[in-house]
$ cat final.txt   # compact mmCIF, C-alpha atoms and all ligand atoms
# COMPACT_ATOMS: atom_id res chain seq x y z
CA MET A 116 -1.81 27.96 -56.69
CA LEU A 117 -0.37 24.43 -56.71
CA PRO A 118 1.77 24.88 -53.57
CA LEU A 119 -1.30 26.23 -51.82
CA ILE A 120 -3.34 23.16 -52.69
CA ALA A 121 -0.44 20.91 -51.72
CA SER A 122 -0.02 22.52 -48.31
CA GLY A 123 -3.79 22.46 -47.83
CA LEU A 124 -3.82 18.74 -48.56
CA PHE A 125 -0.89 18.24 -46.22
CA LEU A 126 -2.68 20.07 -43.43
CA ALA A 127 -5.82 18.06 -44.01
CA ALA A 128 -3.79 14.84 -43.87
CA ILE A 129 -2.24 15.89 -40.56
CA CYS A 130 -5.66 16.74 -39.10
CA LEU A 131 -6.99 13.40 -40.24
CA LEU A 132 -4.04 11.60 -38.67
CA VAL A 133 -4.50 13.41 -35.35
CA LEU A 134 -8.20 12.70 -35.34
CA GLY A 135 -7.63 9.08 -36.32
CA VAL A 136 -5.07 8.47 -33.57
CA ASN A 137 -7.26 10.08 -30.92
CA LEU A 138 -10.24 8.05 -32.02
CA TRP A 139 -8.24 4.84 -32.07
CA VAL A 140 -6.94 5.45 -28.55
CA LEU A 141 -10.47 6.19 -27.32
CA LEU A 142 -11.81 3.03 -28.90
CA ASP A 143 -8.94 0.95 -27.56
CA HIS A 144 -9.56 2.39 -24.09
CA PHE A 145 -13.26 1.48 -24.09
CA LEU A 146 -12.75 -1.96 -25.61
CA LYS A 147 -9.80 -3.10 -23.53
CA ILE A 148 -9.62 -1.26 -20.25
CA ASP A 149 -11.13 -2.48 -16.97
CA VAL A 150 -11.79 0.26 -14.44
CA PRO A 151 -11.43 -1.22 -10.94
CA PRO A 152 -14.92 -1.41 -9.42
CA SER A 153 -13.78 0.25 -6.17
CA ILE A 154 -12.39 3.43 -7.79
CA PRO A 155 -14.75 6.20 -6.74
CA GLN A 156 -14.09 8.78 -9.51
CA ARG A 157 -14.52 6.59 -12.56
CA THR A 158 -14.79 9.31 -15.20
CA ARG A 159 -11.65 11.06 -13.96
CA PHE A 160 -9.87 7.76 -13.96
CA ARG A 161 -10.92 7.16 -17.57
CA ILE A 162 -9.83 10.66 -18.66
CA LEU A 163 -6.49 10.16 -16.98
CA HIS A 164 -5.91 6.82 -18.64
CA TYR A 165 -6.98 8.23 -22.00
CA ALA A 166 -4.40 11.04 -21.66
CA PHE A 167 -1.73 8.54 -20.62
CA HIS A 168 -2.54 6.14 -23.46
CA LEU A 169 -2.59 9.03 -25.95
CA THR A 170 0.83 10.24 -24.80
CA VAL A 171 2.34 6.79 -25.11
CA THR A 172 0.73 6.30 -28.55
CA TRP A 173 2.04 9.61 -29.88
CA GLY A 174 5.41 8.78 -28.39
CA ASN A 175 5.39 5.51 -30.30
CA ILE A 176 4.44 7.32 -33.52
CA LEU A 177 7.26 9.86 -33.06
CA GLU A 178 9.62 6.97 -32.38
CA LYS A 179 8.56 5.23 -35.62
CA LEU A 180 9.14 8.52 -37.48
CA ARG A 181 12.58 8.70 -35.83
CA ILE A 182 11.82 12.11 -34.35
CA CYS A 183 12.31 11.14 -30.72
CA SER A 184 11.92 8.05 -28.57
CA MET A 185 8.67 7.29 -26.75
CA PRO A 186 10.19 7.44 -23.23
CA LYS A 187 11.89 10.78 -24.04
CA PHE A 188 8.60 12.24 -25.31
CA PHE A 189 6.75 11.00 -22.24
CA GLN A 190 9.40 12.29 -19.82
CA PHE A 191 9.42 15.65 -21.59
CA LEU A 192 5.68 16.11 -21.08
CA GLN A 193 5.80 14.70 -17.55
CA ASP A 194 8.55 17.12 -16.52
CA ALA A 195 6.89 20.05 -18.28
CA MET A 196 3.73 19.45 -16.27
CA ALA A 197 5.49 18.96 -12.92
CA ILE A 198 4.79 21.84 -10.57
CA LYS A 199 7.64 21.95 -8.11
CA ARG A 200 6.80 23.01 -4.57
CA ASN A 201 9.51 23.31 -1.98
CA TYR A 202 7.44 23.66 1.19
CA LYS A 203 9.92 24.31 4.01
CA VAL A 204 12.70 22.19 2.60
CA VAL A 205 16.19 23.03 1.34
CA VAL A 206 16.74 21.33 -2.01
CA THR A 207 20.23 20.65 -3.35
CA ASP A 208 21.18 19.03 -6.65
CA LEU A 209 24.35 16.95 -6.38
CA TYR A 210 26.21 14.14 -8.08
CA PHE A 211 27.04 11.01 -6.09
CA GLU A 212 29.62 8.99 -8.06
CA GLU A 213 28.38 10.71 -11.26
CA VAL A 214 24.77 9.80 -10.49
CA PRO A 215 22.49 12.86 -10.32
CA VAL A 216 20.75 13.02 -6.95
CA ARG A 217 18.57 15.56 -5.18
CA LEU A 218 18.86 16.11 -1.46
CA PHE A 219 15.86 17.37 0.53
CA GLN A 220 16.65 18.76 3.98
CA PRO A 221 14.08 20.30 6.35
CA LYS A 222 14.77 24.03 6.87
CA ALA A 223 14.12 24.02 10.61
CA THR A 224 17.23 23.41 12.69
CA SER A 225 17.44 20.16 14.59
CA SER A 226 19.39 19.58 17.78
CA SER A 227 20.03 15.92 16.94
CA PRO A 228 20.80 14.06 13.70
CA ARG A 229 17.76 13.33 11.56
CA ARG A 230 16.38 10.20 10.00
CA GLY A 231 17.58 9.50 6.45
CA ILE A 232 15.41 8.30 3.56
CA ILE A 233 16.73 6.92 0.27
CA PHE A 234 13.94 7.34 -2.28
CA LEU A 235 13.88 5.37 -5.55
CA HIS A 236 11.08 6.41 -7.88
CA GLY A 237 9.03 4.21 -10.20
CA GLY A 238 8.24 4.38 -13.91
CA GLY A 239 9.20 1.01 -15.39
CA GLY A 240 12.79 2.13 -16.00
CA MET A 241 11.32 4.41 -18.70
CA PHE A 242 9.36 7.19 -17.03
CA GLY A 243 9.80 9.37 -13.96
CA SER A 244 12.53 11.80 -12.97
CA LEU A 245 13.83 13.95 -10.13
CA ASP A 246 11.56 16.77 -11.33
CA SER A 247 8.39 14.74 -11.59
CA TYR A 248 8.90 13.38 -8.04
CA HIS A 249 10.13 16.68 -6.61
CA THR A 250 6.98 17.71 -4.75
CA LEU A 251 6.40 14.22 -3.37
CA CYS A 252 9.98 14.05 -2.05
CA CYS A 253 9.69 17.51 -0.48
CA PHE A 254 6.46 16.51 1.18
CA LEU A 255 7.91 13.28 2.58
CA ALA A 256 11.05 15.05 3.86
CA ARG A 257 8.99 17.73 5.61
CA GLU A 258 6.26 15.50 7.04
CA THR A 259 8.71 12.98 8.47
CA ASP A 260 11.36 15.59 9.36
CA SER A 261 13.98 13.52 7.50
CA VAL A 262 16.88 14.12 5.13
CA LEU A 263 15.69 12.56 1.88
CA LEU A 264 17.91 11.50 -1.00
CA ALA A 265 16.16 11.06 -4.35
CA VAL A 266 18.19 9.20 -6.98
CA GLY A 267 17.95 10.31 -10.62
CA TYR A 268 19.09 7.00 -12.02
CA ARG A 269 19.55 6.55 -15.78
CA LYS A 270 16.71 5.05 -17.82
CA LEU A 271 15.58 3.75 -21.17
CA PRO A 272 15.91 4.08 -24.07
CA GLU A 273 19.70 4.54 -23.71
CA HIS A 274 20.23 2.64 -20.49
CA PRO A 275 18.75 -0.84 -20.07
CA HIS A 276 19.31 -3.08 -17.03
CA PRO A 277 21.54 -3.10 -14.98
CA VAL A 278 22.47 0.60 -15.35
CA GLY A 279 19.52 1.91 -13.32
CA LEU A 280 20.07 -0.53 -10.48
CA GLN A 281 23.81 0.20 -10.41
CA ASP A 282 23.13 3.93 -10.26
CA CYS A 283 20.77 3.41 -7.32
CA LEU A 284 23.31 1.18 -5.59
CA CYS A 285 26.23 3.61 -6.11
CA ALA A 286 24.23 6.60 -4.88
CA SER A 287 22.94 4.66 -1.84
CA ILE A 288 26.45 3.54 -0.86
CA HIS A 289 27.79 7.07 -1.25
CA PHE A 290 24.96 8.41 0.94
CA LEU A 291 25.52 5.75 3.61
CA LYS A 292 29.21 6.69 3.68
CA SER A 293 28.51 10.40 4.09
CA LEU A 294 25.58 10.45 6.53
CA LYS A 295 27.51 12.66 8.95
CA THR A 296 27.94 15.38 6.31
CA TYR A 297 24.18 15.62 5.92
CA GLY A 298 23.30 15.35 9.61
CA VAL A 299 21.77 11.89 9.36
CA ASP A 300 21.58 9.41 12.23
CA PRO A 301 23.27 6.19 10.89
CA SER A 302 20.91 4.02 12.94
CA ARG A 303 17.81 5.48 11.29
CA VAL A 304 18.11 5.13 7.51
CA VAL A 305 15.04 3.98 5.58
CA ILE A 306 15.06 2.87 1.95
CA CYS A 307 11.84 3.54 0.08
CA GLY A 308 11.07 2.42 -3.46
CA GLU A 309 8.03 2.61 -5.68
CA SER A 310 7.28 0.09 -8.45
CA ILE A 311 10.59 -0.63 -10.23
CA GLY A 312 12.25 1.55 -7.58
CA GLY A 313 10.88 -0.91 -5.02
CA SER A 314 12.54 -3.69 -6.93
CA ALA A 315 15.84 -1.77 -6.77
CA ALA A 316 15.35 -1.17 -3.04
CA ALA A 317 14.80 -4.89 -2.39
CA SER A 318 17.89 -5.79 -4.45
CA ILE A 319 20.08 -3.15 -2.78
CA LEU A 320 19.14 -4.39 0.68
CA GLN A 321 20.13 -7.92 -0.27
CA ILE A 322 23.39 -6.80 -1.91
CA LEU A 323 24.39 -4.63 1.05
CA LEU A 324 23.93 -7.41 3.63
CA GLY A 325 27.57 -8.35 3.15
CA ARG A 326 28.87 -4.78 3.51
CA LEU A 327 29.83 -4.60 7.16
CA ASP A 328 31.70 -1.34 6.54
CA LEU A 329 28.43 0.53 5.97
CA PRO A 330 25.67 1.47 8.43
CA LYS A 331 22.88 -1.09 8.26
CA ILE A 332 19.66 0.20 6.69
CA ARG A 333 17.08 0.21 9.45
CA ALA A 334 13.82 -0.20 7.51
CA GLN A 335 12.36 -0.71 4.04
CA VAL A 336 9.26 0.71 2.40
CA LEU A 337 8.19 -1.11 -0.76
CA ILE A 338 5.28 0.47 -2.64
CA TYR A 339 3.69 -1.84 -5.25
CA PRO A 340 7.10 -3.15 -6.42
CA ILE A 341 7.94 -5.84 -8.96
CA LEU A 342 9.93 -8.49 -7.07
CA GLN A 343 10.23 -11.35 -9.51
CA ALA A 344 10.23 -11.99 -13.25
CA ILE A 345 9.48 -15.70 -13.06
CA ASN A 346 5.79 -16.40 -12.45
CA PHE A 347 3.56 -14.17 -14.57
CA GLN A 348 0.53 -16.45 -14.10
CA LEU A 349 -0.25 -15.44 -10.53
CA PRO A 350 -3.89 -14.57 -9.78
CA SER A 351 -3.15 -10.82 -9.86
CA HIS A 352 -1.57 -11.08 -13.30
CA LEU A 353 -4.66 -12.80 -14.66
CA GLN A 354 -7.26 -10.75 -12.79
CA ASN A 355 -5.83 -7.31 -13.43
CA GLN A 356 -4.30 -7.66 -16.88
CA ASN A 357 -6.42 -4.85 -18.32
CA VAL A 358 -6.30 -2.50 -15.35
CA PRO A 359 -4.36 0.77 -15.80
CA PHE A 360 -1.86 2.10 -15.41
CA LEU A 361 0.18 -1.04 -15.58
CA THR A 362 -1.65 -3.37 -17.92
CA ARG A 363 -0.08 -6.73 -18.61
CA ASP A 364 0.85 -5.49 -22.09
CA LEU A 365 2.66 -2.45 -20.75
CA MET A 366 4.36 -4.57 -18.09
CA ILE A 367 5.74 -7.03 -20.63
CA THR A 368 6.80 -4.17 -22.96
CA CYS A 369 8.72 -2.58 -20.09
CA ILE A 370 10.35 -5.93 -19.24
CA LEU A 371 11.39 -6.63 -22.84
CA ASN A 372 12.88 -3.15 -23.24
CA TYR A 373 14.43 -2.98 -19.80
CA PHE A 374 16.26 -6.27 -20.21
CA SER A 375 16.90 -5.81 -23.97
CA ILE A 376 15.08 -9.00 -24.88
CA ASP A 377 13.77 -9.78 -28.33
CA PRO A 378 9.94 -9.41 -28.45
CA SER A 379 9.61 -12.92 -29.91
CA TRP A 380 10.21 -14.29 -26.38
CA LYS A 381 7.14 -12.53 -25.00
CA ASP A 382 4.89 -15.60 -24.80
CA VAL A 383 7.68 -17.78 -23.45
CA ILE A 384 8.18 -15.27 -20.61
CA LEU A 385 4.47 -15.06 -19.83
CA THR A 386 3.98 -18.83 -19.79
CA GLY A 387 7.26 -19.57 -18.03
CA SER A 388 8.24 -22.12 -20.72
CA TYR A 389 11.93 -21.28 -20.28
CA ILE A 390 11.93 -22.52 -16.69
CA PRO A 391 13.40 -26.02 -16.23
CA GLN A 392 11.30 -28.39 -14.08
CA ASP A 393 13.94 -28.77 -11.34
CA THR A 394 14.32 -24.99 -10.96
CA TRP A 395 10.56 -24.65 -10.64
CA MET A 396 10.51 -27.41 -8.03
CA LYS A 397 12.91 -25.29 -5.97
CA TYR A 398 10.98 -22.04 -6.35
CA ARG A 399 7.45 -23.36 -6.26
CA LYS A 400 7.17 -23.16 -2.48
CA TRP A 401 7.79 -19.40 -2.74
CA LEU A 402 6.25 -18.50 -6.10
CA GLY A 403 3.36 -20.90 -6.55
CA SER A 404 -0.17 -19.48 -6.69
CA ASP A 405 -1.11 -21.65 -3.70
CA ASN A 406 0.81 -19.17 -1.53
CA ILE A 407 -1.74 -16.47 -2.33
CA PRO A 408 -4.43 -16.27 0.36
CA GLN A 409 -7.83 -17.63 -0.65
CA ARG A 410 -9.56 -14.27 -0.71
CA PHE A 411 -7.22 -13.06 -3.48
CA GLY A 412 -7.59 -16.22 -5.51
CA ASN A 413 -9.88 -15.95 -8.48
CA LYS A 414 -12.35 -17.92 -10.46
CA ILE A 415 -10.29 -17.64 -13.63
CA GLN A 416 -8.89 -21.04 -14.58
CA GLN A 417 -5.23 -21.11 -13.57
CA PRO A 418 -3.13 -22.34 -16.53
CA GLU A 419 -0.54 -25.05 -16.08
CA PHE A 420 2.66 -23.38 -14.89
CA PRO A 421 5.36 -23.42 -16.15
CA GLY A 422 4.32 -24.10 -19.75
CA PRO A 423 5.96 -26.90 -21.80
CA PHE A 424 9.75 -26.48 -21.62
CA ASN A 425 11.33 -24.63 -24.54
CA LYS A 426 15.00 -25.56 -24.52
CA SER A 427 16.20 -22.78 -26.82
CA ALA A 428 14.57 -20.13 -24.62
CA TYR A 429 16.44 -21.10 -21.45
CA PRO A 430 19.86 -19.57 -22.27
CA GLU A 431 18.16 -16.34 -23.43
CA LEU A 432 16.04 -15.86 -20.31
CA LYS A 433 17.77 -17.72 -17.49
CA ASP A 434 18.89 -14.47 -15.82
CA PHE A 435 15.27 -13.93 -14.74
CA LEU A 436 15.71 -16.88 -12.38
CA ASP A 437 18.53 -15.08 -10.59
CA ILE A 438 18.09 -13.13 -7.37
CA LYS A 439 19.66 -10.09 -9.05
CA ILE A 440 16.47 -9.74 -11.08
CA SER A 441 14.08 -11.66 -8.81
CA PRO A 442 14.91 -10.77 -5.17
CA LEU A 443 11.83 -12.74 -4.14
CA VAL A 444 13.72 -16.02 -4.58
CA ALA A 445 16.66 -15.23 -2.28
CA ASP A 446 17.59 -17.96 0.21
CA ASN A 447 15.97 -18.02 3.65
CA GLU A 448 19.26 -16.95 5.31
CA VAL A 449 19.27 -13.77 3.20
CA ILE A 450 15.60 -12.97 3.76
CA ALA A 451 16.01 -13.46 7.52
CA GLN A 452 18.59 -10.65 7.70
CA LEU A 453 16.42 -8.04 5.99
CA PRO A 454 15.15 -5.05 7.94
CA GLU A 455 11.65 -4.30 9.18
CA ALA A 456 9.28 -3.52 6.30
CA LEU A 457 6.26 -1.55 5.24
CA LEU A 458 4.74 -3.32 2.25
CA VAL A 459 2.13 -1.49 0.21
CA SER A 460 -0.03 -3.55 -2.14
CA ILE A 461 -2.88 -2.53 -4.38
CA HIS A 462 -5.78 -4.84 -4.91
CA TRP A 463 -6.24 -3.97 -8.61
CA ASP A 464 -2.61 -4.27 -9.65
CA VAL A 465 -0.91 -6.94 -11.78
CA LEU A 466 2.00 -6.79 -9.33
CA ARG A 467 -0.16 -7.27 -6.22
CA ASP A 468 0.84 -10.89 -5.66
CA ASP A 469 4.57 -10.11 -5.73
CA ILE A 470 4.13 -8.25 -2.49
CA LEU A 471 1.84 -10.90 -0.99
CA LEU A 472 4.54 -13.50 -1.69
CA TYR A 473 7.34 -11.30 -0.30
CA LYS A 474 5.26 -10.61 2.80
CA LYS A 475 4.96 -14.33 3.42
CA ARG A 476 8.68 -14.86 2.90
CA LEU A 477 9.63 -12.06 5.30
CA GLU A 478 7.12 -13.17 7.94
CA ASP A 479 8.18 -16.81 7.67
CA GLN A 480 11.73 -15.66 8.48
CA GLY A 481 10.65 -13.51 11.43
CA VAL A 482 11.10 -10.10 9.80
CA PRO A 483 8.55 -7.59 11.20
CA VAL A 484 6.12 -6.55 8.45
CA THR A 485 3.53 -3.79 8.37
CA TRP A 486 1.18 -4.48 5.49
CA TYR A 487 -0.88 -1.72 3.94
CA HIS A 488 -3.36 -3.03 1.40
CA VAL A 489 -5.24 -0.53 -0.75
CA GLU A 490 -8.63 -1.63 -2.04
CA ASP A 491 -9.48 1.48 -4.03
CA GLY A 492 -6.10 2.16 -5.65
CA PHE A 493 -4.30 1.52 -8.91
CA HIS A 494 -0.69 1.06 -9.95
CA GLY A 495 1.18 4.38 -10.10
CA CYS A 496 -1.34 6.35 -8.03
CA LEU A 497 1.33 7.71 -5.66
CA LEU A 498 2.50 10.36 -8.12
CA LEU A 499 -0.98 11.88 -8.41
CA PHE A 500 -1.14 12.99 -4.78
CA ASP A 501 -0.76 16.72 -5.61
CA LYS A 502 -2.58 16.67 -8.95
CA LYS A 503 -5.69 18.42 -7.60
CA ILE A 504 -8.81 17.03 -9.32
CA PHE A 505 -6.78 14.08 -10.60
CA SER A 506 -5.75 13.12 -7.11
CA PHE A 507 -7.57 10.12 -5.62
CA PRO A 508 -8.13 9.14 -1.96
CA CYS A 509 -5.72 6.20 -2.40
CA CYS A 510 -2.80 8.58 -3.13
CA TRP A 511 -3.12 10.27 0.24
CA ASN A 512 -3.85 7.05 2.07
CA ILE A 513 -0.59 5.53 0.84
CA ILE A 514 1.43 8.64 1.65
CA ASN A 515 -0.06 8.80 5.13
CA ALA A 516 0.78 5.13 5.69
CA VAL A 517 4.38 5.76 4.55
CA VAL A 518 4.70 8.85 6.74
CA SER A 519 3.35 7.21 9.89
CA PHE A 520 5.50 4.08 9.44
CA THR A 521 8.62 6.19 8.78
CA LYS A 522 8.02 8.41 11.80
CA GLU A 523 8.24 5.34 14.05
CA ILE A 524 11.78 4.59 12.84
C1 LIG A 601 10.63 -21.70 -28.42
O1 LIG A 601 10.13 -20.37 -28.49
C2 LIG A 601 10.41 -19.67 -29.68
C3 LIG A 601 9.93 -18.24 -29.52
O2 LIG A 601 8.59 -18.18 -29.17
C4 LIG A 601 9.80 -20.40 -30.85
O3 LIG A 601 10.13 -19.73 -32.04
C5 LIG A 601 10.31 -21.83 -30.88
O4 LIG A 601 9.66 -22.53 -31.92
C6 LIG A 601 10.06 -22.52 -29.57
N1 LIG A 601 10.68 -23.84 -29.57
C7 LIG A 601 10.06 -24.93 -29.16
C8 LIG A 601 10.85 -26.18 -29.18
O5 LIG A 601 8.90 -24.92 -28.78
$ encode --input "final.txt" --output "structure tokens" --more "lines below"
Ligand SMILES: *[C@@H]1O[C@H](CO)[C@@H](O)[C@H](O)[C@H]1NC(C)=O
Amino acid sequence: MLPLIASGLFLAAICLLVLGVNLWVLLDHFLKIDVPPSIPQRTRFRILHYAFHLTVTWGNILEKLRICSMPKFFQFLQDAMAIKRNYKVVVTDLYFEEVPVRLFQPKATSSSPRRGIIFLHGGGGMFGSLDSYHTLCCFLARETDSVLLAVGYRKLPEHPHPVGLQDCLCASIHFLKSLKTYGVDPSRVVICGESIGGSAAASILQILLGRLDLPKIRAQVLIYPILQAINFQLPSHLQNQNVPFLTRDLMITCILNYFSIDPSWKDVILTGSYIPQDTWMKYRKWLGSDNIPQRFGNKIQQPEFPGPFNKSAYPELKDFLDIKISPLVADNEVIAQLPEALLVSIHWDVLRDDILLYKKRLEDQGVPVTWYHVEDGFHGCLLLFDKKIFSFPCCWNIINAVVSFTKEI
């Protein structure tokens, strides 16, 4: 009798916990989250964010219980739900310098070498995988009739910065060296990155400028990337701090984990108090809010930036000021050598202003830029393009913009 009562109590406790967590997530969603006014399907958007928030919360609970890490739990569910479609594309899993990659080659024969695309997926260095981006990569390879290389770079929790970037760099170099093997035209290679993958793409382009032994990458596609970790007080950071799927809280959590930084530095990072005055004087012309066009400026009072200098923070965080982490502050001579770009920005995205600033830098140095600005989108929407009722017009609009730009290369 006693064991029966005990197990009954245990079951009841579990049910209560599940109910409590779900309720808390729902409450948190309604109290904190801003749904962008221009999103047409608001209820679907809310359901989607609720599911996302619930997954992350349960992941965090499992992590606290030492059952499995939050990113692992999230990736597991994300991969389990991925429906892989191959369209008319030959898919091959390979290793390039020990980095897992997936090659997508159109089935139809081609009389001449094809365009090449290096694709670096997003996910904050925590989420995303070759499987979850499989259908998207197939679609891009088929629609643009290109050979597409997707890089399955290593991620958190085991692999903080710079492992992911190095994996992307190694795989890209290996691909550029073996274009002939895969029937790729060396004068038509495009690098395409989404979110943190866009950051990697921007860094790789800058790093490879000195590599005269490799074919020069012909074009870049940056889809809502993060391009600097210096000024987190730009209008977009303040305006969109509670807009899914990258809220300011999630962004700073990703940054702390990705760079293995103690959470106590969070406020110092957000206020920029670790930045010495003379460094800011140098970067201000590129990173100051006054570079953001008037129509994106907001009525929110802009705080003093950077905040009062905190001397002990500088040695801990100074790497953020480096171009390796913030490609947006590369010298003019570097920027001027970068290839033609398609820049995709989303109005309701904390990272929106990164791309507006990069656009200005590229244009000021004479680099041709095609700018695609999405009014009714949200950060991370690209991956939802094939998710049926959870697909939004913005997903297709971005993909179509990427396809038509790529086809011109
Ligand atoms: C610098 O920042 C840390 C972390 O927030 C804080 O503990 C410390 O008191 C700050 N130091 C100064 C001089 O403000």
$ atom_distance --input "final.txt" --atom1 "CA of Glu273 in chain A" --atom2 "CA of Val216 in chain A"
18.8 Å
$ closest_residue --input "final.txt" --among "A:Pro378, A:Pro391, A:Pro359, A:Pro423" --to "Asp464 in chain A" --atoms "all atoms listed in the file"
A:Pro359
$ residues_near_ligand --input "final.txt" --ligand "ligand LIG 601 (chain A)" --cutoff "8 Å" --atoms "only C-alpha atoms and all ligand atoms" --output "ChimeraX atom specification"
/A:379-383,423-428
$ atom_distance --input "final.txt" --atom1 "CA of Phe500 in chain A" --atom2 "CA of Leu353 in chain A"
27.8 Å
$ residues_around --input "final.txt" --residues "Val517 in chain A" --least-positions-apart "4" --cutoff "9 Å" --atoms "all atoms listed in the file" --output "MDAnalysis selection string"
chainID A and resid 255 307 336 338 457 459 512:513 521:522
$ atom_distance --input "final.txt" --atom1 "CA of Cys509 in chain A" --atom2 "CA of Gly492 in chain A"
5.2 Å
$ decode --input "final.txt" --residues "range 190-196 of chain A" --atoms "all heavy atoms" --output "mmCIF file, in the first residue's frame"
data_model
loop_
_atom_site.group_PDB
_atom_site.id
_atom_site.type_symbol
_atom_site.label_atom_id
_atom_site.label_comp_id
_atom_site.auth_asym_id
_atom_site.auth_seq_id
_atom_site.Cartn_x
_atom_site.Cartn_y
_atom_site.Cartn_z
ATOM 1 N N GLN A 190 18.631 20.565 -29.808
ATOM 2 C CA GLN A 190 19.068 19.995 -31.105
ATOM 3 C C GLN A 190 18.394 18.660 -31.370
ATOM 4 O O GLN A 190 18.016 18.353 -32.500
ATOM 5 C CB GLN A 190 20.583 19.780 -31.096
ATOM 6 C CG GLN A 190 21.373 21.037 -31.388
ATOM 7 C CD GLN A 190 22.857 20.832 -31.095
ATOM 8 O OE1 GLN A 190 23.357 19.704 -31.124
ATOM 9 N NE2 GLN A 190 23.547 21.908 -30.809
ATOM 10 N N PHE A 191 18.239 17.864 -30.292
ATOM 11 C CA PHE A 191 17.608 16.556 -30.431
ATOM 12 C C PHE A 191 16.185 16.713 -30.981
ATOM 13 O O PHE A 191 15.802 16.064 -31.954
ATOM 14 C CB PHE A 191 17.598 15.835 -29.084
ATOM 15 C CG PHE A 191 16.760 14.590 -29.072
ATOM 16 C CD1 PHE A 191 17.217 13.426 -29.680
ATOM 17 C CD2 PHE A 191 15.492 14.588 -28.493
ATOM 18 C CE1 PHE A 191 16.432 12.287 -29.700
ATOM 19 C CE2 PHE A 191 14.706 13.451 -28.506
ATOM 20 C CZ PHE A 191 15.171 12.301 -29.112
ATOM 21 N N LEU A 192 15.421 17.626 -30.368
ATOM 22 C CA LEU A 192 14.043 17.830 -30.822
ATOM 23 C C LEU A 192 13.999 18.425 -32.230
ATOM 24 O O LEU A 192 13.194 18.029 -33.067
ATOM 25 C CB LEU A 192 13.291 18.750 -29.856
ATOM 26 C CG LEU A 192 12.912 18.150 -28.513
ATOM 27 C CD1 LEU A 192 12.088 19.142 -27.705
ATOM 28 C CD2 LEU A 192 12.114 16.854 -28.683
ATOM 29 N N GLN A 193 14.915 19.376 -32.465
ATOM 30 C CA GLN A 193 14.958 20.047 -33.769
ATOM 31 C C GLN A 193 15.260 19.031 -34.887
ATOM 32 O O GLN A 193 14.602 19.030 -35.925
ATOM 33 C CB GLN A 193 16.039 21.133 -33.734
ATOM 34 C CG GLN A 193 15.899 22.178 -34.819
ATOM 35 C CD GLN A 193 17.026 23.209 -34.782
ATOM 36 O OE1 GLN A 193 18.081 22.977 -34.205
ATOM 37 N NE2 GLN A 193 16.801 24.339 -35.415
ATOM 38 N N ASP A 194 16.211 18.154 -34.632
ATOM 39 C CA ASP A 194 16.566 17.146 -35.641
ATOM 40 C C ASP A 194 15.456 16.117 -35.814
ATOM 41 O O ASP A 194 15.185 15.660 -36.918
ATOM 42 C CB ASP A 194 17.875 16.439 -35.263
ATOM 43 C CG ASP A 194 19.073 17.338 -35.495
ATOM 44 O OD1 ASP A 194 18.901 18.393 -36.140
ATOM 45 O OD2 ASP A 194 20.176 16.992 -35.025
ATOM 46 N N ALA A 195 14.818 15.765 -34.674
ATOM 47 C CA ALA A 195 13.749 14.762 -34.740
ATOM 48 C C ALA A 195 12.583 15.281 -35.576
ATOM 49 O O ALA A 195 11.885 14.510 -36.234
ATOM 50 C CB ALA A 195 13.286 14.405 -33.331
ATOM 51 N N MET A 196 12.385 16.592 -35.560
ATOM 52 C CA MET A 196 11.243 17.160 -36.286
ATOM 53 C C MET A 196 11.588 17.526 -37.736
ATOM 54 O O MET A 196 10.701 17.877 -38.508
ATOM 55 C CB MET A 196 10.719 18.385 -35.552
ATOM 56 C CG MET A 196 9.880 17.995 -34.334
ATOM 57 S SD MET A 196 9.064 19.385 -33.579
ATOM 58 C CE MET A 196 10.400 20.404 -33.055
#
